[in-house]
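What's in start22.cif: mmCIF, N, CA and C atoms
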```cif
data_query
loop_
_atom_site.label_atom_id
_atom_site.label_comp_id
_atom_site.auth_asym_id
_atom_site.auth_seq_id
_atom_site.Cartn_x
_atom_site.Cartn_y
_atom_site.Cartn_z
N GLN A 1 -16.45 21.58 26.82
CA GLN A 1 -16.52 21.37 25.38
C GLN A 1 -16.22 19.91 25.07
N VAL A 2 -17.08 19.30 24.28
CA VAL A 2 -16.91 17.90 23.90
C VAL A 2 -15.60 17.73 23.12
N GLN A 3 -14.86 16.71 23.51
CA GLN A 3 -13.63 16.41 22.79
C GLN A 3 -13.62 14.95 22.36
N LEU A 4 -13.37 14.75 21.10
CA LEU A 4 -13.23 13.41 20.53
C LEU A 4 -11.98 13.40 19.67
N VAL A 5 -11.12 12.44 19.89
CA VAL A 5 -9.88 12.37 19.13
C VAL A 5 -9.66 10.94 18.66
N GLU A 6 -9.61 10.77 17.34
CA GLU A 6 -9.39 9.47 16.75
C GLU A 6 -7.90 9.21 16.57
N SER A 7 -7.52 7.95 16.60
CA SER A 7 -6.14 7.56 16.34
C SER A 7 -6.13 6.13 15.82
N GLY A 8 -4.98 5.72 15.30
CA GLY A 8 -4.82 4.35 14.85
C GLY A 8 -4.87 4.15 13.35
N GLY A 9 -5.12 5.20 12.62
CA GLY A 9 -5.14 5.09 11.16
C GLY A 9 -3.74 4.91 10.59
N GLY A 10 -3.70 4.68 9.28
CA GLY A 10 -2.41 4.52 8.63
C GLY A 10 -2.56 3.84 7.28
N LEU A 11 -1.43 3.42 6.75
CA LEU A 11 -1.38 2.72 5.47
C LEU A 11 -1.30 1.22 5.73
N VAL A 12 -2.16 0.47 5.09
CA VAL A 12 -2.19 -0.98 5.28
C VAL A 12 -2.45 -1.65 3.93
N GLN A 13 -1.91 -2.84 3.77
CA GLN A 13 -2.14 -3.58 2.53
C GLN A 13 -3.52 -4.23 2.54
N PRO A 14 -4.07 -4.48 1.38
CA PRO A 14 -5.35 -5.22 1.33
C PRO A 14 -5.25 -6.53 2.10
N GLY A 15 -6.29 -6.81 2.85
CA GLY A 15 -6.30 -7.99 3.70
C GLY A 15 -5.77 -7.75 5.09
N GLY A 16 -5.20 -6.60 5.31
CA GLY A 16 -4.63 -6.28 6.62
C GLY A 16 -5.67 -5.80 7.61
N SER A 17 -5.19 -5.45 8.80
CA SER A 17 -6.06 -5.04 9.89
C SER A 17 -5.57 -3.75 10.53
N LEU A 18 -6.50 -3.02 11.07
CA LEU A 18 -6.19 -1.84 11.88
C LEU A 18 -7.21 -1.77 13.01
N ARG A 19 -6.80 -1.18 14.11
CA ARG A 19 -7.73 -0.88 15.19
C ARG A 19 -7.70 0.62 15.42
N LEU A 20 -8.83 1.23 15.22
CA LEU A 20 -8.98 2.66 15.48
C LEU A 20 -9.47 2.87 16.91
N SER A 21 -9.00 3.94 17.51
CA SER A 21 -9.44 4.33 18.84
C SER A 21 -10.00 5.74 18.80
N CYS A 22 -10.91 6.00 19.69
CA CYS A 22 -11.48 7.33 19.82
C CYS A 22 -11.53 7.65 21.31
N THR A 23 -10.74 8.61 21.71
CA THR A 23 -10.70 9.02 23.11
C THR A 23 -11.68 10.16 23.32
N ALA A 24 -12.54 10.01 24.31
CA ALA A 24 -13.61 10.99 24.54
C ALA A 24 -13.43 11.68 25.88
N SER A 25 -13.85 12.93 25.93
CA SER A 25 -13.80 13.66 27.19
C SER A 25 -14.83 14.78 27.17
N GLU A 26 -15.10 15.29 28.36
CA GLU A 26 -15.99 16.44 28.56
C GLU A 26 -17.45 16.13 28.28
N PHE A 27 -17.84 14.87 28.37
CA PHE A 27 -19.26 14.53 28.36
C PHE A 27 -19.40 13.15 28.99
N PHE A 28 -20.63 12.75 29.27
CA PHE A 28 -20.86 11.49 29.96
C PHE A 28 -20.77 10.34 28.96
N PHE A 29 -19.56 9.93 28.68
CA PHE A 29 -19.32 8.90 27.67
C PHE A 29 -20.11 7.65 27.96
N ASN A 30 -20.14 7.23 29.22
CA ASN A 30 -20.78 5.96 29.56
C ASN A 30 -22.30 6.01 29.50
N ARG A 31 -22.86 7.15 29.15
CA ARG A 31 -24.31 7.27 28.97
C ARG A 31 -24.68 7.57 27.52
N THR A 32 -23.69 7.55 26.65
CA THR A 32 -23.87 8.06 25.29
C THR A 32 -23.67 6.98 24.24
N TRP A 33 -24.63 6.87 23.34
CA TRP A 33 -24.41 6.04 22.16
C TRP A 33 -23.29 6.70 21.34
N MET A 34 -22.48 5.88 20.73
CA MET A 34 -21.35 6.39 19.97
C MET A 34 -21.38 5.83 18.55
N TYR A 35 -20.77 6.59 17.64
CA TYR A 35 -20.88 6.31 16.22
C TYR A 35 -19.51 6.38 15.53
N TRP A 36 -19.35 5.55 14.54
CA TRP A 36 -18.23 5.66 13.60
C TRP A 36 -18.81 5.98 12.22
N ALA A 37 -18.15 6.92 11.55
CA ALA A 37 -18.48 7.25 10.17
C ALA A 37 -17.17 7.37 9.39
N ARG A 38 -17.29 7.39 8.08
CA ARG A 38 -16.10 7.56 7.26
C ARG A 38 -16.42 8.40 6.04
N GLN A 39 -15.39 9.01 5.50
CA GLN A 39 -15.55 9.81 4.30
C GLN A 39 -14.49 9.40 3.29
N PRO A 40 -14.88 8.63 2.30
CA PRO A 40 -13.94 8.26 1.23
C PRO A 40 -13.55 9.48 0.42
N PRO A 41 -12.45 9.42 -0.31
CA PRO A 41 -12.03 10.57 -1.13
C PRO A 41 -13.11 11.00 -2.11
N GLY A 42 -13.44 12.26 -2.09
CA GLY A 42 -14.41 12.80 -3.03
C GLY A 42 -15.86 12.44 -2.76
N LYS A 43 -16.14 11.82 -1.62
CA LYS A 43 -17.50 11.40 -1.32
C LYS A 43 -17.97 11.97 0.01
N GLY A 44 -19.23 11.76 0.31
CA GLY A 44 -19.79 12.24 1.56
C GLY A 44 -19.58 11.26 2.69
N LEU A 45 -20.05 11.63 3.87
CA LEU A 45 -19.93 10.76 5.03
C LEU A 45 -20.77 9.50 4.87
N GLU A 46 -20.21 8.40 5.31
CA GLU A 46 -20.90 7.11 5.27
C GLU A 46 -21.00 6.56 6.70
N ARG A 47 -22.11 5.95 6.98
CA ARG A 47 -22.28 5.30 8.27
C ARG A 47 -21.42 4.04 8.32
N VAL A 48 -20.73 3.85 9.43
CA VAL A 48 -19.89 2.66 9.60
C VAL A 48 -20.47 1.75 10.68
N ALA A 49 -20.64 2.30 11.87
CA ALA A 49 -21.10 1.48 12.99
C ALA A 49 -21.60 2.37 14.11
N HIS A 50 -22.40 1.77 15.00
CA HIS A 50 -22.74 2.47 16.22
C HIS A 50 -22.96 1.47 17.34
N ILE A 51 -22.89 1.97 18.55
CA ILE A 51 -22.92 1.11 19.72
C ILE A 51 -23.64 1.84 20.84
N SER A 52 -24.47 1.11 21.57
CA SER A 52 -25.20 1.71 22.67
C SER A 52 -24.26 2.00 23.84
N ALA A 53 -24.79 2.74 24.81
CA ALA A 53 -23.97 3.19 25.93
C ALA A 53 -23.35 2.04 26.71
N ARG A 54 -24.10 0.96 26.85
CA ARG A 54 -23.61 -0.18 27.63
C ARG A 54 -23.23 -1.37 26.76
N SER A 55 -23.06 -1.11 25.49
CA SER A 55 -22.59 -2.14 24.54
C SER A 55 -23.57 -3.28 24.33
N ASP A 56 -24.83 -3.09 24.69
CA ASP A 56 -25.79 -4.18 24.49
C ASP A 56 -26.45 -4.12 23.13
N PHE A 57 -26.14 -3.10 22.37
CA PHE A 57 -26.68 -2.98 21.02
C PHE A 57 -25.57 -2.45 20.12
N LYS A 58 -25.29 -3.19 19.07
CA LYS A 58 -24.23 -2.79 18.13
C LYS A 58 -24.72 -3.02 16.71
N VAL A 59 -24.38 -2.11 15.84
CA VAL A 59 -24.72 -2.25 14.42
C VAL A 59 -23.50 -1.88 13.60
N VAL A 60 -23.19 -2.71 12.63
CA VAL A 60 -22.15 -2.42 11.65
C VAL A 60 -22.82 -2.41 10.29
N SER A 61 -22.47 -1.43 9.48
CA SER A 61 -23.07 -1.33 8.16
C SER A 61 -22.83 -2.59 7.34
N GLU A 62 -23.78 -2.89 6.49
CA GLU A 62 -23.80 -4.17 5.79
C GLU A 62 -22.51 -4.45 5.02
N SER A 63 -21.96 -3.45 4.37
CA SER A 63 -20.78 -3.69 3.55
C SER A 63 -19.53 -3.99 4.39
N MET A 64 -19.60 -3.73 5.67
CA MET A 64 -18.47 -3.94 6.56
C MET A 64 -18.72 -5.05 7.58
N GLU A 65 -19.94 -5.53 7.60
CA GLU A 65 -20.30 -6.57 8.57
C GLU A 65 -19.45 -7.80 8.35
N GLY A 66 -18.99 -8.36 9.46
CA GLY A 66 -18.11 -9.53 9.38
C GLY A 66 -16.64 -9.17 9.29
N ARG A 67 -16.36 -7.93 8.96
CA ARG A 67 -14.97 -7.48 8.89
C ARG A 67 -14.67 -6.45 9.97
N PHE A 68 -15.65 -5.62 10.29
CA PHE A 68 -15.46 -4.54 11.28
C PHE A 68 -16.22 -4.90 12.56
N THR A 69 -15.64 -4.54 13.68
CA THR A 69 -16.27 -4.73 14.98
C THR A 69 -16.16 -3.44 15.78
N VAL A 70 -17.26 -3.03 16.38
CA VAL A 70 -17.25 -1.83 17.23
C VAL A 70 -17.36 -2.27 18.68
N PHE A 71 -16.56 -1.67 19.53
CA PHE A 71 -16.65 -1.94 20.96
C PHE A 71 -16.12 -0.73 21.73
N ARG A 72 -16.32 -0.76 23.02
CA ARG A 72 -15.96 0.41 23.83
C ARG A 72 -15.50 -0.02 25.21
N ASP A 73 -14.74 0.86 25.83
CA ASP A 73 -14.30 0.67 27.21
C ASP A 73 -14.77 1.90 27.98
N ASN A 74 -15.86 1.76 28.68
CA ASN A 74 -16.43 2.91 29.39
C ASN A 74 -15.57 3.35 30.57
N ALA A 75 -14.77 2.46 31.11
CA ALA A 75 -13.89 2.84 32.21
C ALA A 75 -12.78 3.78 31.74
N LYS A 76 -12.42 3.65 30.47
CA LYS A 76 -11.34 4.47 29.92
C LYS A 76 -11.85 5.55 28.98
N ASN A 77 -13.15 5.60 28.75
CA ASN A 77 -13.74 6.57 27.81
C ASN A 77 -13.15 6.43 26.41
N ILE A 78 -13.05 5.21 25.94
CA ILE A 78 -12.49 4.96 24.62
C ILE A 78 -13.45 4.12 23.80
N LEU A 79 -13.63 4.53 22.57
CA LEU A 79 -14.42 3.80 21.58
C LEU A 79 -13.43 3.19 20.58
N TYR A 80 -13.73 1.98 20.13
CA TYR A 80 -12.83 1.29 19.22
C TYR A 80 -13.56 0.85 17.95
N LEU A 81 -12.77 0.69 16.90
CA LEU A 81 -13.25 0.06 15.68
C LEU A 81 -12.16 -0.88 15.19
N GLN A 82 -12.41 -2.17 15.31
CA GLN A 82 -11.48 -3.17 14.80
C GLN A 82 -11.84 -3.46 13.36
N MET A 83 -10.87 -3.30 12.47
CA MET A 83 -11.11 -3.47 11.05
C MET A 83 -10.19 -4.57 10.53
N ASN A 84 -10.80 -5.63 10.04
CA ASN A 84 -10.04 -6.76 9.49
C ASN A 84 -10.34 -6.92 8.01
N ASN A 85 -9.47 -7.66 7.33
CA ASN A 85 -9.66 -7.93 5.90
C ASN A 85 -9.97 -6.64 5.14
N LEU A 86 -9.14 -5.65 5.35
CA LEU A 86 -9.39 -4.34 4.74
C LEU A 86 -9.26 -4.41 3.23
N LYS A 87 -10.09 -3.59 2.57
CA LYS A 87 -10.13 -3.53 1.12
C LYS A 87 -9.79 -2.11 0.66
N PRO A 88 -9.34 -1.95 -0.57
CA PRO A 88 -9.04 -0.60 -1.05
C PRO A 88 -10.22 0.36 -0.91
N GLU A 89 -11.43 -0.14 -1.05
CA GLU A 89 -12.61 0.72 -0.93
C GLU A 89 -12.88 1.16 0.50
N ASP A 90 -12.12 0.65 1.45
CA ASP A 90 -12.23 1.12 2.83
C ASP A 90 -11.38 2.36 3.07
N THR A 91 -10.63 2.77 2.08
CA THR A 91 -9.82 3.98 2.20
C THR A 91 -10.72 5.18 2.45
N ALA A 92 -10.44 5.89 3.54
CA ALA A 92 -11.30 7.02 3.93
C ALA A 92 -10.70 7.68 5.16
N VAL A 93 -11.25 8.83 5.49
CA VAL A 93 -11.02 9.42 6.80
C VAL A 93 -12.11 8.89 7.72
N TYR A 94 -11.73 8.35 8.84
CA TYR A 94 -12.68 7.76 9.79
C TYR A 94 -12.87 8.70 10.98
N TYR A 95 -14.14 8.88 11.32
CA TYR A 95 -14.52 9.78 12.41
C TYR A 95 -15.31 9.03 13.47
N CYS A 96 -15.11 9.43 14.71
CA CYS A 96 -16.05 9.00 15.74
C CYS A 96 -16.93 10.20 16.09
N ALA A 97 -18.12 9.91 16.51
CA ALA A 97 -19.08 10.97 16.81
C ALA A 97 -19.98 10.55 17.96
N LYS A 98 -20.56 11.53 18.63
CA LYS A 98 -21.47 11.24 19.73
C LYS A 98 -22.93 11.48 19.36
N ASP A 99 -23.19 11.72 18.09
CA ASP A 99 -24.57 11.87 17.64
C ASP A 99 -24.72 11.24 16.27
N ALA A 100 -25.95 10.87 15.94
CA ALA A 100 -26.21 10.11 14.72
C ALA A 100 -26.08 10.95 13.45
N THR A 101 -26.02 12.25 13.59
CA THR A 101 -25.80 13.10 12.42
C THR A 101 -24.33 13.48 12.26
N TYR A 102 -23.51 12.99 13.19
CA TYR A 102 -22.06 13.20 13.14
C TYR A 102 -21.68 14.68 13.26
N THR A 103 -22.57 15.46 13.83
CA THR A 103 -22.29 16.88 14.00
C THR A 103 -21.15 17.10 14.99
N SER A 104 -21.20 16.34 16.07
CA SER A 104 -20.16 16.43 17.09
C SER A 104 -19.20 15.27 16.89
N ARG A 105 -18.15 15.50 16.15
CA ARG A 105 -17.21 14.43 15.80
C ARG A 105 -15.78 14.93 15.95
N GLY A 106 -14.86 14.01 15.94
CA GLY A 106 -13.46 14.34 16.05
C GLY A 106 -12.88 14.80 14.72
N PRO A 107 -11.57 15.08 14.71
CA PRO A 107 -10.92 15.55 13.49
C PRO A 107 -10.69 14.44 12.46
N GLY A 108 -10.81 13.19 12.89
CA GLY A 108 -10.67 12.08 11.96
C GLY A 108 -9.26 11.50 11.91
N THR A 109 -9.20 10.27 11.42
CA THR A 109 -7.91 9.60 11.19
C THR A 109 -7.95 8.94 9.82
N GLN A 110 -6.87 9.10 9.08
CA GLN A 110 -6.82 8.61 7.70
C GLN A 110 -6.48 7.13 7.67
N VAL A 111 -7.27 6.38 6.93
CA VAL A 111 -6.98 4.97 6.67
C VAL A 111 -6.81 4.82 5.17
N THR A 112 -5.67 4.28 4.77
CA THR A 112 -5.39 4.05 3.36
C THR A 112 -5.07 2.58 3.16
N VAL A 113 -5.83 1.94 2.30
CA VAL A 113 -5.64 0.52 2.01
C VAL A 113 -5.12 0.41 0.58
N SER A 114 -3.88 0.03 0.48
CA SER A 114 -3.25 0.00 -0.84
C SER A 114 -2.04 -0.92 -0.81
N SER A 115 -1.78 -1.55 -1.95
CA SER A 115 -0.59 -2.39 -2.06
C SER A 115 0.57 -1.59 -2.63
#
```
Entire entry expressed as C-alpha cells:
Amino acid sequence: QVQLVESGGGLVQPGGSLRLSCTASEFFFNRTWMYWARQPPGKGLERVAHISARSDFKVVSESMEGRFTVFRDNAKNILYLQMNNLKPEDTAVYYCAKDATYTSRGPGTQVTVSS
C-alpha cells in the first residue's frame, strides 16, 4: 500500500520560511513523478509544484514561483518543498501526491502564515 506522509508544517510569520518533507514508501519513488498540492481554508485543491523522477524537470505554480522550490532525495525516498517569503495567502493544508490528480496523497500538513 502506497504511503506518503508530510511533515514540517506549522505557524510562521509573513516573510518567514518553512521546509516541508514528504516521506514515501511502498512504491518505486525513484521512478515516479511527484506532486505538491495545497488546500486553503474553504477552497479546493490547488496545484503547487511537481518534479520528475530524476529531478530534471520541475514546475512551480506561477503565484509561488521564485518563493517555493521543489526537490527530492531519491536515496532517502523524500520529497521536499522549500517555501520562502511566505504570505498569509499561503495558509493551507499541503499535500504530497504521486499522481497529477492527487488521488494518492498523504494526510497533509498544516501551514499557517500569520502575524
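Under the PyMOL selection byres ((chain A and resi 50-58) around 6), the matching residues in the shown file are A:Asn30, A:Arg31, A:Thr32, A:Trp33, A:Met34, A:Tyr35, A:Trp36, A:Val48, A:Ala49, A:Val59, A:Val60.
Take the candidates A:Val2, A:Tyr80, A:Gly8, A:Phe71 and check each one against Gly108 in chain A using all atoms listed in the file; the shortest distance goes to A:Gly8.
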Mind telling me what the PyMOL selection byres ((chain A and resi 85) around 6) catches here, as a ChimeraX atom specification?
-> /A:14-17,67,83-84,86-87
Let's have the selection written as a compact mmCIF listing (two decimals), in the frame of the given file, with N, CA and C atoms.
```
# COMPACT_ATOMS: atom_id res chain seq x y z
N PRO A 14 -4.07 -4.48 1.38
CA PRO A 14 -5.35 -5.22 1.33
C PRO A 14 -5.25 -6.53 2.10
N GLY A 15 -6.29 -6.81 2.85
CA GLY A 15 -6.30 -7.99 3.70
C GLY A 15 -5.77 -7.75 5.09
N GLY A 16 -5.20 -6.60 5.31
CA GLY A 16 -4.63 -6.28 6.62
C GLY A 16 -5.67 -5.80 7.61
N SER A 17 -5.19 -5.45 8.80
CA SER A 17 -6.06 -5.04 9.89
C SER A 17 -5.57 -3.75 10.53
N ARG A 67 -16.36 -7.93 8.96
CA ARG A 67 -14.97 -7.48 8.89
C ARG A 67 -14.67 -6.45 9.97
N MET A 83 -10.87 -3.30 12.47
CA MET A 83 -11.11 -3.47 11.05
C MET A 83 -10.19 -4.57 10.53
N ASN A 84 -10.80 -5.63 10.04
CA ASN A 84 -10.04 -6.76 9.49
C ASN A 84 -10.34 -6.92 8.01
N LEU A 86 -9.14 -5.65 5.35
CA LEU A 86 -9.39 -4.34 4.74
C LEU A 86 -9.26 -4.41 3.23
N LYS A 87 -10.09 -3.59 2.57
CA LYS A 87 -10.13 -3.53 1.12
C LYS A 87 -9.79 -2.11 0.66
```
Polymer residues at most 8 Å from Ala97 in chain A, only C-alpha atoms, same-chain spacing of 4 or more positions, as number ranges by chain = A: 4, 34-37, 102-106
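Using only C-alpha atoms, the shortest contact distance between Ala24 in chain A and any of A:Arg38, A:Leu45, A:Cys96, A:Leu81 is found at A:Cys96.
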Name the residues that the PyMOL selection byres ((chain A and resi 90) around 7) picks from the file above, as a ChimeraX atom specification, using the file's chain letters and numbers.
-> /A:40,86-89,91-93,111-113
List every residue of chain A that DSSP, applied to the backbone of this structure, assigns to strand (DSSP E or B), and report them as a PyMOL selection string.
-> chain A and resi 3-7+10-12+18-25+34-39+46-51+58-60+65+68-73+78-83+92-97+105+109-113
Mind rebuilding range 31-46 of chain A with N, CA, C and O atoms and writing that out as a compact mmCIF listing (two decimals), keeping the file's coordinate frame?
```txt
# COMPACT_ATOMS: atom_id res chain seq x y z
N ARG A 31 -22.86 7.15 29.15
CA ARG A 31 -24.31 7.27 28.97
C ARG A 31 -24.68 7.57 27.52
O ARG A 31 -25.86 7.81 27.22
N THR A 32 -23.69 7.55 26.65
CA THR A 32 -23.87 8.06 25.29
C THR A 32 -23.67 6.98 24.24
O THR A 32 -22.67 6.26 24.27
N TRP A 33 -24.63 6.87 23.34
CA TRP A 33 -24.41 6.04 22.16
C TRP A 33 -23.29 6.70 21.34
O TRP A 33 -23.22 7.91 21.23
N MET A 34 -22.48 5.88 20.73
CA MET A 34 -21.35 6.39 19.97
C MET A 34 -21.38 5.83 18.55
O MET A 34 -21.90 4.74 18.30
N TYR A 35 -20.77 6.59 17.64
CA TYR A 35 -20.88 6.31 16.22
C TYR A 35 -19.51 6.38 15.53
O TYR A 35 -18.67 7.19 15.92
N TRP A 36 -19.35 5.55 14.54
CA TRP A 36 -18.23 5.66 13.60
C TRP A 36 -18.81 5.98 12.22
O TRP A 36 -19.78 5.36 11.78
N ALA A 37 -18.15 6.92 11.55
CA ALA A 37 -18.48 7.25 10.17
C ALA A 37 -17.17 7.37 9.39
O ALA A 37 -16.09 7.44 9.99
N ARG A 38 -17.29 7.39 8.08
CA ARG A 38 -16.10 7.56 7.26
C ARG A 38 -16.42 8.40 6.04
O ARG A 38 -17.58 8.48 5.61
N GLN A 39 -15.39 9.01 5.50
CA GLN A 39 -15.55 9.81 4.30
C GLN A 39 -14.49 9.40 3.29
O GLN A 39 -13.32 9.79 3.43
N PRO A 40 -14.88 8.63 2.30
CA PRO A 40 -13.94 8.26 1.23
C PRO A 40 -13.55 9.48 0.42
O PRO A 40 -14.28 10.49 0.40
N PRO A 41 -12.45 9.42 -0.31
CA PRO A 41 -12.03 10.57 -1.13
C PRO A 41 -13.11 11.00 -2.11
O PRO A 41 -13.64 10.17 -2.86
N GLY A 42 -13.44 12.26 -2.09
CA GLY A 42 -14.41 12.80 -3.03
C GLY A 42 -15.86 12.44 -2.76
O GLY A 42 -16.73 12.72 -3.60
N LYS A 43 -16.14 11.82 -1.62
CA LYS A 43 -17.50 11.40 -1.32
C LYS A 43 -17.97 11.97 0.01
O LYS A 43 -17.19 12.58 0.74
N GLY A 44 -19.23 11.76 0.31
CA GLY A 44 -19.79 12.24 1.56
C GLY A 44 -19.58 11.26 2.69
O GLY A 44 -18.99 10.18 2.52
N LEU A 45 -20.05 11.63 3.87
CA LEU A 45 -19.93 10.76 5.03
C LEU A 45 -20.77 9.50 4.87
O LEU A 45 -21.89 9.55 4.37
N GLU A 46 -20.21 8.40 5.31
CA GLU A 46 -20.90 7.11 5.27
C GLU A 46 -21.00 6.56 6.70
O GLU A 46 -20.07 6.67 7.48
```
